[in-house]
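Visitor: Handing you a structure now.
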Amino acid sequence: MTDNVTNGRPIAVALVSGGLDSFVSAAHARADGYRLLALSVDYNQRHHVELAAARRIAASLVAERHVVLPLDLSQFGGSALTADIDVPKTGVGEDIPVTYVPARNTIFLSLALGWAEAAGARDLYIGVNALDYSGYPDCRPEFIAGFEKLAELATKAGVEGEPFQVHAPLQHMTKADIVREGVRLGLDLGLSWSCYDPAPGGLHCGLCDSCRLRSKGFEEAGVPDPTRYAHQP
């Protein structure tokens, strides 16, 4: 694939982690009329069940390709998701939590950018939001704007006048808004996985930050939560 437009439909590369937000974001790419290339990263995270969810999601969105790229970030450590550090279970706090993976979205967007340029795509989709989130610095609007500028400077396409756009359709949504948006798009949100520390039997733990935010989102949206929790958040 070298042409961004085939049969009147452009290509977009969407980061699909398996989580709720990336599911709704990738669905936006389809709703916006793009042919979908789905990218997931196996970074040796403790929750590989999320990658199984990513495969389900990519299939449900009829992605033309789904690449699960191995990149072992546990070699670096520095996060409860990639090292032997306990996942917090006491509630969402004010500080950047230990579940933050150093520079993760920068790394993942760089990989998506490489695939996009190779495929002739100029659009990337990522499911970050800056309202109901765990305080990660790489979810902020200024990060997205900064990465777009980086992409313009760092690629052949960019310097030749074909800039890339990083779409963050959930940027200013609450988790409840995201749940409602998923319902509006007709998604089976039960295909997604959010838990940072899966419980036995294929259950969400119900106590980590991500579980708490997910449960709160469904509750505030007034939408039945399809998630099976080991402990009710």
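So you can find residues: chains in the structure tokens are A, B, ... in the order shown, residues in each start at 1, and ligands are numbered from 1 in order.
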What are the DSSP alpha helix (DSSP H) residues of region 105-173 of chain A, as a ChimeraX atom specification?
Guide: /A:105-119,141-154,156-159
Visitor: Selected residues, N, CA, C and O atoms, written as a compact mmCIF listing (two decimals), in the first residue's frame, please.
Guide:
# COMPACT_ATOMS: atom_id res chain seq x y z
N ASN A 105 3.13 6.53 25.21
CA ASN A 105 2.39 7.01 24.05
C ASN A 105 3.31 7.61 23.00
O ASN A 105 3.00 7.57 21.80
N THR A 106 4.43 8.18 23.43
CA THR A 106 5.42 8.68 22.46
C THR A 106 5.97 7.52 21.64
O THR A 106 6.09 7.59 20.41
N ILE A 107 6.31 6.43 22.33
CA ILE A 107 6.84 5.24 21.65
C ILE A 107 5.79 4.66 20.72
O ILE A 107 6.07 4.36 19.54
N PHE A 108 4.57 4.50 21.20
CA PHE A 108 3.53 3.86 20.40
C PHE A 108 3.15 4.71 19.19
O PHE A 108 2.95 4.19 18.09
N LEU A 109 3.03 6.02 19.40
CA LEU A 109 2.71 6.89 18.26
C LEU A 109 3.84 6.90 17.24
O LEU A 109 3.58 6.99 16.03
N SER A 110 5.07 6.79 17.70
CA SER A 110 6.20 6.72 16.76
C SER A 110 6.11 5.47 15.89
O SER A 110 6.36 5.51 14.68
N LEU A 111 5.73 4.35 16.50
CA LEU A 111 5.54 3.12 15.73
C LEU A 111 4.39 3.26 14.74
O LEU A 111 4.49 2.85 13.58
N ALA A 112 3.29 3.85 15.21
CA ALA A 112 2.15 4.08 14.32
C ALA A 112 2.53 5.02 13.18
O ALA A 112 2.10 4.83 12.03
N LEU A 113 3.33 6.01 13.47
CA LEU A 113 3.78 6.96 12.45
C LEU A 113 4.62 6.24 11.39
O LEU A 113 4.44 6.48 10.19
N GLY A 114 5.52 5.36 11.83
CA GLY A 114 6.33 4.62 10.87
C GLY A 114 5.47 3.78 9.94
O GLY A 114 5.71 3.73 8.72
N TRP A 115 4.48 3.09 10.50
CA TRP A 115 3.61 2.27 9.67
C TRP A 115 2.77 3.14 8.74
O TRP A 115 2.59 2.83 7.56
N ALA A 116 2.27 4.26 9.27
CA ALA A 116 1.45 5.16 8.46
C ALA A 116 2.23 5.66 7.25
O ALA A 116 1.73 5.64 6.11
N GLU A 117 3.47 6.10 7.47
CA GLU A 117 4.24 6.61 6.34
C GLU A 117 4.50 5.51 5.32
O GLU A 117 4.40 5.72 4.11
N ALA A 118 4.82 4.32 5.80
CA ALA A 118 5.07 3.20 4.89
C ALA A 118 3.82 2.83 4.10
O ALA A 118 3.92 2.42 2.93
N ALA A 119 2.65 2.97 4.72
CA ALA A 119 1.39 2.59 4.08
C ALA A 119 0.78 3.71 3.25
O ALA A 119 -0.25 3.51 2.60
N PRO A 141 -3.58 17.44 25.53
CA PRO A 141 -3.66 18.03 24.19
C PRO A 141 -2.32 18.58 23.71
O PRO A 141 -1.99 18.48 22.52
N GLU A 142 -1.52 19.16 24.62
CA GLU A 142 -0.24 19.72 24.19
C GLU A 142 0.73 18.63 23.74
O GLU A 142 1.61 18.87 22.89
N PHE A 143 0.58 17.43 24.30
CA PHE A 143 1.40 16.31 23.83
C PHE A 143 1.02 15.93 22.40
O PHE A 143 1.89 15.72 21.55
N ILE A 144 -0.28 15.83 22.13
CA ILE A 144 -0.74 15.47 20.79
C ILE A 144 -0.27 16.52 19.78
O ILE A 144 0.24 16.17 18.70
N ALA A 145 -0.42 17.79 20.12
CA ALA A 145 0.02 18.86 19.20
C ALA A 145 1.54 18.80 18.99
O ALA A 145 2.03 18.98 17.87
N GLY A 146 2.29 18.53 20.06
CA GLY A 146 3.73 18.42 19.94
C GLY A 146 4.15 17.25 19.07
O GLY A 146 5.11 17.35 18.30
N PHE A 147 3.43 16.13 19.17
CA PHE A 147 3.79 14.98 18.35
C PHE A 147 3.49 15.25 16.88
O PHE A 147 4.26 14.82 16.00
N GLU A 148 2.42 15.94 16.58
CA GLU A 148 2.14 16.29 15.19
C GLU A 148 3.28 17.13 14.60
O GLU A 148 3.69 16.92 13.45
N LYS A 149 3.80 18.07 15.38
CA LYS A 149 4.94 18.88 14.91
C LYS A 149 6.17 18.00 14.71
O LYS A 149 6.90 18.14 13.71
N LEU A 150 6.41 17.09 15.64
CA LEU A 150 7.53 16.16 15.50
C LEU A 150 7.40 15.33 14.23
O LEU A 150 8.37 15.16 13.49
N ALA A 151 6.19 14.83 13.96
CA ALA A 151 5.96 14.03 12.76
C ALA A 151 6.25 14.81 11.49
O ALA A 151 6.78 14.27 10.52
N GLU A 152 5.92 16.09 11.51
CA GLU A 152 6.18 16.94 10.35
C GLU A 152 7.68 17.08 10.10
O GLU A 152 8.15 17.09 8.96
N LEU A 153 8.45 17.17 11.19
CA LEU A 153 9.90 17.37 11.08
C LEU A 153 10.66 16.07 10.83
O LEU A 153 11.76 16.10 10.26
N ALA A 154 10.10 14.94 11.27
CA ALA A 154 10.87 13.70 11.32
C ALA A 154 10.64 12.75 10.15
O ALA A 154 11.30 11.71 10.08
N LYS A 156 9.85 11.90 5.83
CA LYS A 156 9.96 12.33 4.44
C LYS A 156 8.67 12.99 3.99
O LYS A 156 8.69 14.05 3.34
N ALA A 157 7.53 12.37 4.34
CA ALA A 157 6.25 12.95 3.95
C ALA A 157 6.08 14.35 4.53
O ALA A 157 5.64 15.27 3.85
N GLY A 158 6.45 14.50 5.81
CA GLY A 158 6.28 15.79 6.46
C GLY A 158 7.10 16.89 5.82
O GLY A 158 6.59 17.99 5.57
N VAL A 159 8.36 16.62 5.55
CA VAL A 159 9.22 17.67 4.98
C VAL A 159 8.87 17.94 3.52
O VAL A 159 9.23 19.00 2.98
Visitor: List as an MDAnalysis selection string the protein and nucleic acid residues near Met173 (chain A), meaning an atom at most 7 Å away when only C-alpha atoms are counted, but skip any in the same chain fewer than 3 places from it.
Guide: chainID A and resid 129 131 170 177:178
Visitor: What separation in Å, quoted to one decimal, exists between CA of Tyr125 (chain A) and CA of Ala12 (chain A)?
Guide: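 The value is 7.2 Å.
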Visitor: May I have the residues within 12 Å of Gly217 (chain A) as a list in words, using only C-alpha atoms and disregarding those fewer than 4 positions away in the same chain?
Guide: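 Counting only C-alpha atoms, the residues come to Leu20, Asp21, Leu131, Asp132, Tyr133, Met173, Thr174, Lys175, Ala176, Asp177, Ile178, Val179, Arg180, Glu181, Gly182, Leu189, Ser194, Ser210, Cys211, Arg212, Leu213, Ala221, Gly222, Val223, Pro224, Asp225, Thr227 and Pro233 of chain A.
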Visitor: Neighbouring residues of Ser60 (chain A) were defined as those with any atom within 10 Å, considering only C-alpha atoms; residues of the same chain fewer than 2 positions away were excluded. Please report them as a PyMOL selection string.
Guide: chain A and resi 23+27+54-58+62-63+187-188+191
Visitor: Write a file of the selected residues as a PDB file, in the first residue's frame, keeping N, CA and C atoms.
Guide:
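Just written: selection_24.pdb:
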ATOM      1  N   PHE A  23     -10.718   1.346  21.761  1.00  0.00           N
ATOM      2  CA  PHE A  23     -11.802   0.747  20.978  1.00  0.00           C
ATOM      3  C   PHE A  23     -12.674   1.839  20.370  1.00  0.00           C
ATOM      4  N   ALA A  27     -12.978   2.985  16.433  1.00  0.00           N
ATOM      5  CA  ALA A  27     -14.296   2.978  15.803  1.00  0.00           C
ATOM      6  C   ALA A  27     -14.589   4.326  15.152  1.00  0.00           C
ATOM      7  N   ALA A  54      -7.629  -6.782  22.168  1.00  0.00           N
ATOM      8  CA  ALA A  54      -7.272  -6.002  20.976  1.00  0.00           C
ATOM      9  C   ALA A  54      -7.569  -6.794  19.704  1.00  0.00           C
ATOM     10  N   ARG A  55      -7.285  -8.087  19.740  1.00  0.00           N
ATOM     11  CA  ARG A  55      -7.575  -8.920  18.565  1.00  0.00           C
ATOM     12  C   ARG A  55      -9.081  -8.986  18.310  1.00  0.00           C
ATOM     13  N   ARG A  56      -9.860  -9.116  19.368  1.00  0.00           N
ATOM     14  CA  ARG A  56     -11.321  -9.137  19.209  1.00  0.00           C
ATOM     15  C   ARG A  56     -11.816  -7.819  18.626  1.00  0.00           C
ATOM     16  N   ILE A  57     -11.260  -6.733  19.136  1.00  0.00           N
ATOM     17  CA  ILE A  57     -11.690  -5.406  18.694  1.00  0.00           C
ATOM     18  C   ILE A  57     -11.332  -5.178  17.230  1.00  0.00           C
ATOM     19  N   ALA A  58     -10.106  -5.503  16.843  1.00  0.00           N
ATOM     20  CA  ALA A  58      -9.683  -5.311  15.456  1.00  0.00           C
ATOM     21  C   ALA A  58     -10.572  -6.112  14.513  1.00  0.00           C
ATOM     22  N   VAL A  62     -13.368  -4.796  11.586  1.00  0.00           N
ATOM     23  CA  VAL A  62     -12.990  -5.232  10.244  1.00  0.00           C
ATOM     24  C   VAL A  62     -11.734  -4.486   9.776  1.00  0.00           C
ATOM     25  N   ALA A  63     -10.718  -4.457  10.639  1.00  0.00           N
ATOM     26  CA  ALA A  63      -9.442  -3.847  10.254  1.00  0.00           C
ATOM     27  C   ALA A  63      -8.839  -4.615   9.087  1.00  0.00           C
ATOM     28  N   LEU A 187     -21.092  -0.213  19.429  1.00  0.00           N
ATOM     29  CA  LEU A 187     -20.016  -1.124  19.801  1.00  0.00           C
ATOM     30  C   LEU A 187     -20.436  -2.064  20.932  1.00  0.00           C
ATOM     31  N   ASP A 188     -19.894  -3.267  20.901  1.00  0.00           N
ATOM     32  CA  ASP A 188     -20.024  -4.185  22.025  1.00  0.00           C
ATOM     33  C   ASP A 188     -18.872  -3.892  22.977  1.00  0.00           C
ATOM     34  N   LEU A 191     -16.264  -6.289  24.685  1.00  0.00           N
ATOM     35  CA  LEU A 191     -15.082  -6.849  24.022  1.00  0.00           C
ATOM     36  C   LEU A 191     -13.792  -6.260  24.574  1.00  0.00           C
TER      37      LEU A 191
END
Visitor: Do you have the CA of Ile11 (chain A)-CA of Tyr34 (chain A) distance handy?
Guide: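 Distance reported for this atom pair: 5.2 Å.
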Visitor: Could you please determine the separation between CA of Ser40 (chain A) and CA of Ile126 (chain A) in Å, to one decimal place?
Guide: 11.2 Å
